[in-house]
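Q: So I've got this file, query16.pdb, and it contains PDB, C-alpha atoms, pLDDT in the B column:
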```pdb
ATOM      1  CA  MET L 126     -26.452 -59.498  89.259  1.00 96.00           C
ATOM      2  CA  LYS L 127     -28.412 -62.399  87.888  1.00 98.00           C
ATOM      3  CA  LEU L 128     -31.201 -64.238  89.720  1.00 98.00           C
ATOM      4  CA  TYR L 129     -32.042 -67.765  88.611  1.00 98.00           C
ATOM      5  CA  PHE L 130     -35.728 -68.228  89.361  1.00 98.00           C
ATOM      6  CA  SER L 131     -38.873 -70.204  88.682  1.00 98.00           C
ATOM      7  CA  PRO L 132     -42.169 -68.266  88.744  1.00 97.00           C
ATOM      8  CA  GLY L 133     -43.832 -68.401  92.145  1.00 95.00           C
ATOM      9  CA  ALA L 134     -41.160 -70.663  93.643  1.00 96.00           C
ATOM     10  CA  CYS L 135     -39.171 -69.706  96.738  1.00 97.00           C
ATOM     11  CA  SER L 136     -36.916 -67.667  94.432  1.00 98.00           C
ATOM     12  CA  LEU L 137     -39.670 -65.051  94.511  1.00 98.00           C
ATOM     13  CA  SER L 138     -38.446 -64.092  98.002  1.00 98.00           C
ATOM     14  CA  PRO L 139     -34.999 -62.787  96.927  1.00 98.00           C
ATOM     15  CA  HIS L 140     -36.668 -61.235  93.892  1.00 98.00           C
ATOM     16  CA  ILE L 141     -38.860 -59.211  96.261  1.00 98.00           C
ATOM     17  CA  VAL L 142     -35.856 -58.224  98.383  1.00 98.00           C
ATOM     18  CA  ILE L 143     -33.912 -57.154  95.291  1.00 98.00           C
ATOM     19  CA  ASN L 144     -36.835 -54.895  94.395  1.00 98.00           C
ATOM     20  CA  GLU L 145     -37.099 -53.554  97.938  1.00 98.00           C
ATOM     21  CA  LEU L 146     -33.437 -52.559  97.652  1.00 98.00           C
ATOM     22  CA  ASN L 147     -33.970 -51.139  94.160  1.00 98.00           C
ATOM     23  CA  LEU L 148     -31.075 -53.177  92.774  1.00 98.00           C
ATOM     24  CA  PRO L 149     -30.578 -53.897  89.073  1.00 97.00           C
ATOM     25  CA  VAL L 150     -30.915 -57.578  88.231  1.00 97.00           C
ATOM     26  CA  THR L 151     -31.087 -59.874  85.237  1.00 98.00           C
ATOM     27  CA  LEU L 152     -33.654 -62.646  85.572  1.00 98.00           C
ATOM     28  CA  GLN L 153     -32.862 -66.130  84.279  1.00 98.00           C
ATOM     29  CA  ARG L 154     -35.838 -68.468  84.240  1.00 98.00           C
ATOM     30  CA  VAL L 155     -35.324 -72.106  85.191  1.00 98.00           C
ATOM     31  CA  ASP L 156     -37.557 -75.097  84.490  1.00 97.00           C
ATOM     32  CA  THR L 157     -37.331 -76.855  87.835  1.00 94.00           C
ATOM     33  CA  LYS L 158     -38.863 -80.050  86.460  1.00 93.00           C
ATOM     34  CA  THR L 159     -36.382 -80.561  83.622  1.00 96.00           C
ATOM     35  CA  LYS L 160     -33.553 -78.649  85.349  1.00 97.00           C
ATOM     36  CA  THR L 161     -32.949 -76.625  82.216  1.00 97.00           C
ATOM     37  CA  LEU L 162     -32.508 -72.919  81.581  1.00 98.00           C
ATOM     38  CA  ALA L 163     -34.874 -70.915  79.436  1.00 96.00           C
ATOM     39  CA  GLY L 164     -33.096 -70.660  76.115  1.00 93.00           C
ATOM     40  CA  GLY L 165     -31.183 -73.884  76.723  1.00 94.00           C
ATOM     41  CA  GLY L 166     -28.554 -75.196  79.103  1.00 96.00           C
ATOM     42  CA  ASP L 167     -28.260 -77.556  82.037  1.00 97.00           C
ATOM     43  CA  PHE L 168     -29.144 -75.816  85.293  1.00 98.00           C
ATOM     44  CA  HIS L 169     -26.991 -78.298  87.223  1.00 97.00           C
ATOM     45  CA  VAL L 170     -23.973 -76.521  85.787  1.00 97.00           C
ATOM     46  CA  ILE L 171     -25.126 -73.416  87.668  1.00 98.00           C
ATOM     47  CA  ASN L 172     -26.257 -75.181  90.828  1.00 98.00           C
ATOM     48  CA  PRO L 173     -25.430 -78.880  91.324  1.00 97.00           C
ATOM     49  CA  LYS L 174     -28.337 -79.045  93.803  1.00 97.00           C
ATOM     50  CA  GLY L 175     -30.699 -78.299  90.916  1.00 96.00           C
ATOM     51  CA  GLN L 176     -32.747 -75.841  92.973  1.00 97.00           C
ATOM     52  CA  VAL L 177     -33.636 -72.180  92.741  1.00 98.00           C
ATOM     53  CA  PRO L 178     -32.820 -69.567  93.808  1.00 98.00           C
ATOM     54  CA  VAL L 179     -29.274 -68.848  92.755  1.00 98.00           C
ATOM     55  CA  LEU L 180     -27.864 -65.328  92.915  1.00 98.00           C
ATOM     56  CA  GLU L 181     -24.922 -64.719  90.628  1.00 98.00           C
ATOM     57  CA  LEU L 182     -22.856 -61.648  91.458  1.00 98.00           C
ATOM     58  CA  ASP L 183     -21.091 -59.460  88.938  1.00 96.00           C
ATOM     59  CA  ASP L 184     -17.775 -61.253  89.571  1.00 97.00           C
ATOM     60  CA  GLY L 185     -19.366 -64.655  88.885  1.00 97.00           C
ATOM     61  CA  THR L 186     -19.713 -65.700  92.523  1.00 98.00           C
ATOM     62  CA  ARG L 187     -22.889 -67.717  93.088  1.00 98.00           C
ATOM     63  CA  ILE L 188     -24.905 -67.903  96.295  1.00 98.00           C
ATOM     64  CA  THR L 189     -27.644 -70.477  96.850  1.00 98.00           C
ATOM     65  CA  GLU L 190     -30.421 -70.950  99.439  1.00 98.00           C
ATOM     66  CA  GLY L 191     -32.991 -68.183  99.685  1.00 97.00           C
ATOM     67  CA  ALA L 192     -32.488 -67.435 103.379  1.00 97.00           C
ATOM     68  CA  ALA L 193     -28.765 -66.880 102.811  1.00 98.00           C
ATOM     69  CA  ILE L 194     -29.349 -64.754  99.717  1.00 98.00           C
ATOM     70  CA  VAL L 195     -31.818 -62.329 101.287  1.00 98.00           C
ATOM     71  CA  GLN L 196     -29.626 -61.758 104.346  1.00 98.00           C
ATOM     72  CA  PHE L 197     -26.563 -61.260 102.161  1.00 98.00           C
ATOM     73  CA  LEU L 198     -28.336 -58.675 100.032  1.00 98.00           C
ATOM     74  CA  ALA L 199     -29.713 -56.702 102.967  1.00 98.00           C
ATOM     75  CA  ASP L 200     -26.372 -56.778 104.798  1.00 98.00           C
ATOM     76  CA  ARG L 201     -24.410 -55.758 101.719  1.00 97.00           C
ATOM     77  CA  GLU L 202     -26.686 -52.772 101.176  1.00 97.00           C
ATOM     78  CA  GLY L 203     -26.776 -51.824 104.860  1.00 97.00           C
ATOM     79  CA  ALA L 204     -30.559 -52.215 104.941  1.00 97.00           C
ATOM     80  CA  ARG L 205     -30.993 -52.626 108.683  1.00 97.00           C
ATOM     81  CA  GLU L 206     -34.776 -52.446 108.508  1.00 96.00           C
ATOM     82  CA  LEU L 207     -34.820 -55.473 106.189  1.00 98.00           C
ATOM     83  CA  ALA L 208     -32.210 -57.356 108.251  1.00 98.00           C
ATOM     84  CA  PRO L 209     -31.373 -55.999 111.716  1.00 97.00           C
ATOM     85  CA  GLN L 210     -27.812 -55.721 112.995  1.00 96.00           C
ATOM     86  CA  PRO L 211     -26.109 -59.132 113.490  1.00 96.00           C
ATOM     87  CA  GLY L 212     -25.708 -60.028 117.137  1.00 97.00           C
ATOM     88  CA  THR L 213     -29.005 -58.449 118.180  1.00 97.00           C
ATOM     89  CA  VAL L 214     -32.147 -60.214 119.343  1.00 97.00           C
ATOM     90  CA  ALA L 215     -34.016 -58.557 116.474  1.00 97.00           C
ATOM     91  CA  ARG L 216     -31.674 -60.230 113.984  1.00 98.00           C
ATOM     92  CA  ALA L 217     -32.017 -63.566 115.770  1.00 98.00           C
ATOM     93  CA  ARG L 218     -35.800 -63.300 115.452  1.00 98.00           C
ATOM     94  CA  VAL L 219     -35.499 -62.744 111.702  1.00 98.00           C
ATOM     95  CA  GLN L 220     -33.129 -65.700 111.365  1.00 98.00           C
ATOM     96  CA  GLU L 221     -35.416 -67.791 113.551  1.00 98.00           C
ATOM     97  CA  MET L 222     -38.338 -67.134 111.197  1.00 98.00           C
ATOM     98  CA  LEU L 223     -36.259 -67.682 108.056  1.00 98.00           C
ATOM     99  CA  ASN L 224     -35.208 -71.059 109.422  1.00 98.00           C
ATOM    100  CA  PHE L 225     -38.746 -71.976 110.452  1.00 98.00           C
ATOM    101  CA  VAL L 226     -40.126 -71.169 107.020  1.00 98.00           C
ATOM    102  CA  ALA L 227     -37.317 -73.087 105.298  1.00 97.00           C
ATOM    103  CA  SER L 228     -37.138 -76.179 107.472  1.00 97.00           C
ATOM    104  CA  GLU L 229     -40.743 -76.559 108.575  1.00 98.00           C
ATOM    105  CA  LEU L 230     -43.303 -74.681 106.484  1.00 98.00           C
ATOM    106  CA  HIS L 231     -41.599 -74.914 103.091  1.00 97.00           C
ATOM    107  CA  LYS L 232     -40.772 -78.585 103.615  1.00 96.00           C
ATOM    108  CA  ALA L 233     -44.333 -79.380 104.674  1.00 97.00           C
ATOM    109  CA  PHE L 234     -45.670 -78.215 101.307  1.00 97.00           C
ATOM    110  CA  VAL L 235     -43.458 -80.575  99.280  1.00 96.00           C
ATOM    111  CA  PRO L 236     -45.849 -83.583  99.176  1.00 96.00           C
ATOM    112  CA  LEU L 237     -48.624 -81.290  97.952  1.00 97.00           C
ATOM    113  CA  PHE L 238     -46.618 -80.388  94.858  1.00 95.00           C
ATOM    114  CA  THR L 239     -45.280 -83.896  94.219  1.00 94.00           C
ATOM    115  CA  PRO L 240     -47.379 -85.751  91.604  1.00 92.00           C
ATOM    116  CA  ALA L 241     -46.418 -89.137  93.037  1.00 95.00           C
ATOM    117  CA  SER L 242     -47.801 -88.315  96.496  1.00 96.00           C
ATOM    118  CA  SER L 243     -50.777 -90.427  97.512  1.00 97.00           C
ATOM    119  CA  ASP L 244     -54.022 -88.852  98.690  1.00 95.00           C
ATOM    120  CA  PRO L 245     -53.325 -89.904 102.311  1.00 96.00           C
ATOM    121  CA  ASP L 246     -49.852 -88.358 102.064  1.00 96.00           C
ATOM    122  CA  LYS L 247     -51.341 -85.119 100.769  1.00 96.00           C
ATOM    123  CA  GLU L 248     -53.955 -85.028 103.505  1.00 96.00           C
ATOM    124  CA  ALA L 249     -51.260 -85.581 106.132  1.00 97.00           C
ATOM    125  CA  ALA L 250     -49.224 -82.767 104.586  1.00 97.00           C
ATOM    126  CA  ARG L 251     -52.204 -80.394 104.715  1.00 97.00           C
ATOM    127  CA  LYS L 252     -52.518 -81.088 108.440  1.00 97.00           C
ATOM    128  CA  VAL L 253     -48.834 -80.310 108.996  1.00 98.00           C
ATOM    129  CA  VAL L 254     -49.053 -77.118 106.952  1.00 98.00           C
ATOM    130  CA  SER L 255     -52.152 -76.080 108.900  1.00 98.00           C
ATOM    131  CA  LYS L 256     -50.377 -76.672 112.212  1.00 98.00           C
ATOM    132  CA  HIS L 257     -47.505 -74.447 111.110  1.00 98.00           C
ATOM    133  CA  LEU L 258     -49.899 -71.759 109.942  1.00 98.00           C
ATOM    134  CA  ASP L 259     -51.607 -71.936 113.347  1.00 98.00           C
ATOM    135  CA  TYR L 260     -48.251 -71.014 114.856  1.00 98.00           C
ATOM    136  CA  VAL L 261     -47.724 -68.141 112.423  1.00 98.00           C
ATOM    137  CA  GLU L 262     -51.237 -66.865 113.162  1.00 98.00           C
ATOM    138  CA  SER L 263     -50.419 -66.808 116.882  1.00 98.00           C
ATOM    139  CA  LEU L 264     -47.458 -64.499 116.281  1.00 97.00           C
ATOM    140  CA  PHE L 265     -49.783 -61.761 115.037  1.00 97.00           C
ATOM    141  CA  ALA L 266     -51.951 -61.893 118.166  1.00 96.00           C
ATOM    142  CA  ASP L 267     -50.057 -58.951 119.693  1.00 96.00           C
ATOM    143  CA  GLY L 268     -51.101 -56.689 116.822  1.00 95.00           C
ATOM    144  CA  ARG L 269     -47.795 -56.573 114.948  1.00 96.00           C
ATOM    145  CA  ASP L 270     -47.972 -55.817 111.243  1.00 96.00           C
ATOM    146  CA  HIS L 271     -45.129 -58.124 110.255  1.00 98.00           C
ATOM    147  CA  VAL L 272     -43.979 -61.486 111.463  1.00 98.00           C
ATOM    148  CA  THR L 273     -41.019 -60.448 113.633  1.00 97.00           C
ATOM    149  CA  SER L 274     -41.752 -56.767 114.301  1.00 90.00           C
ATOM    150  CA  ALA L 275     -43.637 -53.715 113.125  1.00 90.00           C
ATOM    151  CA  ALA L 276     -41.242 -53.363 110.181  1.00 95.00           C
ATOM    152  CA  PHE L 277     -41.065 -55.416 106.995  1.00 98.00           C
ATOM    153  CA  THR L 278     -37.990 -57.680 106.943  1.00 98.00           C
ATOM    154  CA  VAL L 279     -36.530 -60.360 104.707  1.00 98.00           C
ATOM    155  CA  ALA L 280     -38.399 -62.908 106.841  1.00 98.00           C
ATOM    156  CA  ASP L 281     -41.701 -61.402 105.717  1.00 98.00           C
ATOM    157  CA  ALA L 282     -40.731 -61.812 102.066  1.00 98.00           C
ATOM    158  CA  TYR L 283     -40.027 -65.522 102.541  1.00 98.00           C
ATOM    159  CA  LEU L 284     -43.125 -66.148 104.660  1.00 98.00           C
ATOM    160  CA  PHE L 285     -45.319 -64.364 102.121  1.00 98.00           C
ATOM    161  CA  VAL L 286     -44.050 -66.503  99.244  1.00 98.00           C
ATOM    162  CA  VAL L 287     -44.389 -69.845 101.000  1.00 98.00           C
ATOM    163  CA  ALA L 288     -47.694 -69.140 102.777  1.00 98.00           C
ATOM    164  CA  ASN L 289     -49.159 -68.070  99.439  1.00 97.00           C
ATOM    165  CA  TRP L 290     -48.714 -71.642  98.170  1.00 97.00           C
ATOM    166  CA  ALA L 291     -51.681 -72.587 100.381  1.00 97.00           C
ATOM    167  CA  ASN L 292     -53.914 -70.958  97.778  1.00 94.00           C
ATOM    168  CA  PHE L 293     -52.891 -73.589  95.224  1.00 94.00           C
ATOM    169  CA  VAL L 294     -53.295 -76.736  97.328  1.00 94.00           C
ATOM    170  CA  GLY L 295     -56.753 -76.368  98.827  1.00 92.00           C
ATOM    171  CA  ILE L 296     -55.817 -74.736 102.132  1.00 96.00           C
ATOM    172  CA  PRO L 297     -57.958 -71.589 102.514  1.00 95.00           C
ATOM    173  CA  LEU L 298     -56.021 -68.814 104.250  1.00 97.00           C
ATOM    174  CA  GLU L 299     -59.318 -67.423 105.542  1.00 97.00           C
ATOM    175  CA  THR L 300     -58.845 -69.927 108.380  1.00 96.00           C
ATOM    176  CA  TRP L 301     -56.090 -67.625 109.674  1.00 98.00           C
ATOM    177  CA  PRO L 302     -57.472 -64.042 109.509  1.00 98.00           C
ATOM    178  CA  ARG L 303     -54.391 -62.323 110.926  1.00 98.00           C
ATOM    179  CA  LEU L 304     -52.138 -64.145 108.472  1.00 98.00           C
ATOM    180  CA  LYS L 305     -54.568 -63.351 105.670  1.00 98.00           C
ATOM    181  CA  ALA L 306     -54.383 -59.661 106.563  1.00 98.00           C
ATOM    182  CA  PHE L 307     -50.585 -59.850 106.623  1.00 98.00           C
ATOM    183  CA  MET L 308     -50.612 -61.405 103.160  1.00 98.00           C
ATOM    184  CA  GLY L 309     -52.695 -58.495 101.911  1.00 98.00           C
ATOM    185  CA  ARG L 310     -50.315 -55.933 103.403  1.00 98.00           C
ATOM    186  CA  VAL L 311     -47.290 -57.565 101.833  1.00 98.00           C
ATOM    187  CA  ALA L 312     -48.998 -58.094  98.475  1.00 98.00           C
ATOM    188  CA  ALA L 313     -49.709 -54.349  98.329  1.00 98.00           C
ATOM    189  CA  ARG L 314     -46.020 -53.396  98.538  1.00 98.00           C
ATOM    190  CA  PRO L 315     -44.718 -51.975  95.247  1.00 98.00           C
ATOM    191  CA  ALA L 316     -41.646 -54.243  95.348  1.00 98.00           C
ATOM    192  CA  VAL L 317     -43.877 -57.306  95.658  1.00 98.00           C
ATOM    193  CA  GLN L 318     -46.215 -56.187  92.901  1.00 98.00           C
ATOM    194  CA  ALA L 319     -43.244 -55.565  90.605  1.00 98.00           C
ATOM    195  CA  ALA L 320     -41.781 -59.025  91.303  1.00 98.00           C
ATOM    196  CA  LEU L 321     -45.109 -60.743  90.693  1.00 98.00           C
ATOM    197  CA  LYS L 322     -45.546 -58.879  87.434  1.00 97.00           C
ATOM    198  CA  ALA L 323     -42.006 -59.663  86.265  1.00 97.00           C
ATOM    199  CA  GLU L 324     -42.578 -63.377  86.931  1.00 97.00           C
ATOM    200  CA  GLY L 325     -45.895 -63.370  85.076  1.00 95.00           C
ATOM    201  CA  LEU L 326     -47.917 -63.908  88.242  1.00 95.00           C
ATOM    202  CA  ALA L 327     -49.920 -60.671  88.195  1.00 84.00           C
TER
END
```
Starting from the file, lay out its structure as structure tokens.

A:
Amino acid sequence: MKLYFSPGACSLSPHIVINELNLPVTLQRVDTKTKTLAGGGDFHVINPKGQVPVLELDDGTRITEGAAIVQFLADREGARELAPQPGTVARARVQEMLNFVASELHKAFVPLFTPASSDPDKEAARKVVSKHLDYVESLFADGRDHVTSAAFTVADAYLFVVANWANFVGIPLETWPRLKAFMGRVAARPAVQAALKAEGLA
């Protein structure tokens, strides 16, 4: 398999899941600003959307969108702890969180990484991000170790990656102590440490 990634971007989530599953992978770095591949080439040829991640299977099939990729990988490998059985409430909870992170939390960060955003736009974005993190914090109030259950799932990988962006845009995670503790637990996982190291982030 080949994973098209950009260091620290949302492509880090499938990278973590690949490591959790102990799967062999070739990493292909992408410059998301210029939409070019490391070593040369137009990334739009790989993904017309111009976004990472892209997972390329051994037969050349390509899958895009991180939430789809991580579920595909866990299902293909039969990793029911990472992605519970389809048709169960446990699986719906994982999908619910994947969708929340993708459509709400991830999206809310965009103005904070966009150079053209005005200061008022960035301040408004910080408020939206903070509101979403308030919600995430509330989920840990029952003492769970991970966002949908006691077990680590693909939803935790995605949440970890996106919530970590707060550290780069002036949103201190100390405001949310349960989330901060969750981030520490996930960061300590060998699969996460290996992905961070491979992407030059640790």

Q: Which of these residues is nearest to Lys256 (chain L), using only C-alpha atoms: L:Phe238, L:Trp301, L:Phe277, L:Phe285?

A: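 For Lys256 (chain L), the nearest of the candidates is L:Trp301.
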
Q: Could you tell me which residues the PyMOL selection byres ((chain L and resi 281) around 10) grabs in this file, written as a PyMOL selection string?

A: chain L and resi 138+142+207+219+222-223+226+271-274+276-280+282-286+307-308+311

Q: Starting from the displayed file, determine the output of the PyMOL selection byres ((chain L and resi 186) around 12) and express the residue list as a list in words.

A: Met126, Lys127, Leu128, Ile171, Asn172, Val179, Leu180, Glu181, Leu182, Asp183, Asp184, Gly185, Arg187, Ile188 and Thr189 of chain L

Q: Measuring atom to atom with all atoms listed in the file, identify which of L:Glu262, L:Glu145, L:Glu221, L:Glu190 is nearest to Arg303 (chain L).

A: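 Closest candidate: L:Glu262.
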
Q: Which distance in Å separates CA of Ser131 (chain L) and CA of Ala208 (chain L), to one decimal?

A: 24.3 Å

Q: Evaluate the PyMOL selection byres ((chain L and resi 294) around 12) here and jot the selected residues down as a PyMOL selection string.

A: chain L and resi 233-239+247-248+250-252+254-255+287-293+295-298

Q: Can you measure CA of Asp259 (chain L) to CA of Ser243 (chain L) for me? One decimal in Å is fine.

A: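 Straight-line distance from CA of Asp259 (chain L) to CA of Ser243 (chain L) works out to 24.4 Å.
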
Q: With a distance cut-off of 12 Å and only C-alpha atoms, select the neighbouring residues of Pro211 (chain L), excluding the residue or stretch itself and same-chain residues fewer than 4 positions from it, and output the selection as a PyMOL selection string.

A: chain L and resi 196-197+199-200+203-205+207+215-220

Q: Ranking L:Ala163, L:Leu198, L:His257, L:Val170 by minimum distance to Ala227 (chain L) and counting all atoms listed in the file, which one comes first?

A: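 Nearest candidate to Ala227 (chain L) out of L:Ala163, L:Leu198, L:His257, L:Val170: L:His257.
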
Q: Go through L:Cys135, L:Ile143, L:Ala316, L:Asp246 and flag the residue nearest Leu230 (chain L), using only C-alpha atoms for the distances.

A: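 The answer is L:Cys135, which sits nearest to Leu230 (chain L).
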
Q: If you measure from CA of Asp270 (chain L) to CA of Lys322 (chain L), what distance in Å do you get, rounded to one decimal?

A: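 One can read the CA of Asp270 (chain L) to CA of Lys322 (chain L) distance as 24.1 Å.
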
Q: Could you check which of L:His231, L:Arg314, L:Lys174, L:His140 is closest to Val195 (chain L), using all atoms listed in the file?

A: L:His140

Q: Return the single residue from L:Lys232, L:Val177, L:Ala241, L:Ala323 that is closest to Thr151 (chain L), with distances computed using all atoms listed in the file.

A: L:Ala323

Q: Counting only C-alpha atoms, which residues come within 10 Å of (-36.4, -71.1, 91.8), with the point read in the file's coordinates, and could you list them as number ranges by chain?

A: L: 128-139, 153-157, 175-179, 190-191

Q: Taking all heavy atoms as the atom set, what does region 221-230 of chain L look like once completed, written as a compact mmCIF listing (two decimals), keeping the file's coordinate frame?

A:
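Okay, result.txt is ready:
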```
# COMPACT_ATOMS: atom_id res chain seq x y z
N GLU L 221 -34.54 -66.75 113.01
CA GLU L 221 -35.42 -67.79 113.55
C GLU L 221 -36.58 -68.06 112.60
O GLU L 221 -36.91 -69.20 112.28
CB GLU L 221 -35.92 -67.32 114.91
CG GLU L 221 -36.78 -68.29 115.69
CD GLU L 221 -37.18 -67.71 117.03
OE1 GLU L 221 -37.61 -66.54 117.10
OE2 GLU L 221 -37.06 -68.45 118.03
N MET L 222 -37.20 -66.97 112.10
CA MET L 222 -38.34 -67.13 111.20
C MET L 222 -37.89 -67.64 109.83
O MET L 222 -38.57 -68.50 109.23
CB MET L 222 -39.09 -65.81 111.07
CG MET L 222 -40.32 -65.88 110.18
SD MET L 222 -41.52 -67.21 110.59
CE MET L 222 -41.86 -66.89 112.33
N LEU L 223 -36.77 -67.16 109.32
CA LEU L 223 -36.26 -67.68 108.06
C LEU L 223 -36.04 -69.19 108.14
O LEU L 223 -36.39 -69.94 107.23
CB LEU L 223 -34.95 -66.99 107.68
CG LEU L 223 -35.05 -65.54 107.19
CD1 LEU L 223 -33.65 -64.94 107.10
CD2 LEU L 223 -35.75 -65.45 105.84
N ASN L 224 -35.46 -69.63 109.24
CA ASN L 224 -35.21 -71.06 109.42
C ASN L 224 -36.49 -71.85 109.58
O ASN L 224 -36.62 -72.97 109.05
CB ASN L 224 -34.29 -71.29 110.64
CG ASN L 224 -32.86 -70.97 110.35
OD1 ASN L 224 -32.35 -71.26 109.27
ND2 ASN L 224 -32.17 -70.35 111.30
N PHE L 225 -37.47 -71.30 110.29
CA PHE L 225 -38.75 -71.98 110.45
C PHE L 225 -39.44 -72.15 109.10
O PHE L 225 -39.95 -73.23 108.78
CB PHE L 225 -39.65 -71.19 111.41
CG PHE L 225 -41.06 -71.69 111.45
CD1 PHE L 225 -41.39 -72.84 112.16
CD2 PHE L 225 -42.07 -71.02 110.77
CE1 PHE L 225 -42.70 -73.31 112.18
CE2 PHE L 225 -43.37 -71.47 110.78
CZ PHE L 225 -43.69 -72.63 111.49
N VAL L 226 -39.47 -71.08 108.33
CA VAL L 226 -40.13 -71.17 107.02
C VAL L 226 -39.42 -72.18 106.14
O VAL L 226 -40.06 -73.00 105.46
CB VAL L 226 -40.19 -69.79 106.34
CG1 VAL L 226 -40.76 -69.91 104.93
CG2 VAL L 226 -41.05 -68.82 107.16
N ALA L 227 -38.08 -72.18 106.16
CA ALA L 227 -37.32 -73.09 105.30
C ALA L 227 -37.44 -74.54 105.73
O ALA L 227 -37.70 -75.43 104.90
CB ALA L 227 -35.84 -72.67 105.28
N SER L 228 -37.26 -74.79 107.02
CA SER L 228 -37.14 -76.18 107.47
C SER L 228 -38.46 -76.83 107.85
O SER L 228 -38.57 -78.05 107.86
CB SER L 228 -36.17 -76.26 108.66
OG SER L 228 -36.70 -75.55 109.77
N GLU L 229 -39.47 -76.01 108.15
CA GLU L 229 -40.74 -76.56 108.58
C GLU L 229 -41.87 -76.28 107.56
O GLU L 229 -42.43 -77.20 106.99
CB GLU L 229 -41.12 -75.99 109.95
CG GLU L 229 -40.10 -76.28 111.04
CD GLU L 229 -39.94 -77.75 111.36
OE1 GLU L 229 -40.88 -78.54 111.08
OE2 GLU L 229 -38.88 -78.14 111.88
N LEU L 230 -42.16 -75.02 107.34
CA LEU L 230 -43.30 -74.68 106.48
C LEU L 230 -43.06 -75.05 105.02
O LEU L 230 -43.88 -75.72 104.39
CB LEU L 230 -43.64 -73.20 106.62
CG LEU L 230 -44.89 -72.71 105.90
CD1 LEU L 230 -46.12 -73.47 106.35
CD2 LEU L 230 -45.07 -71.22 106.11
```
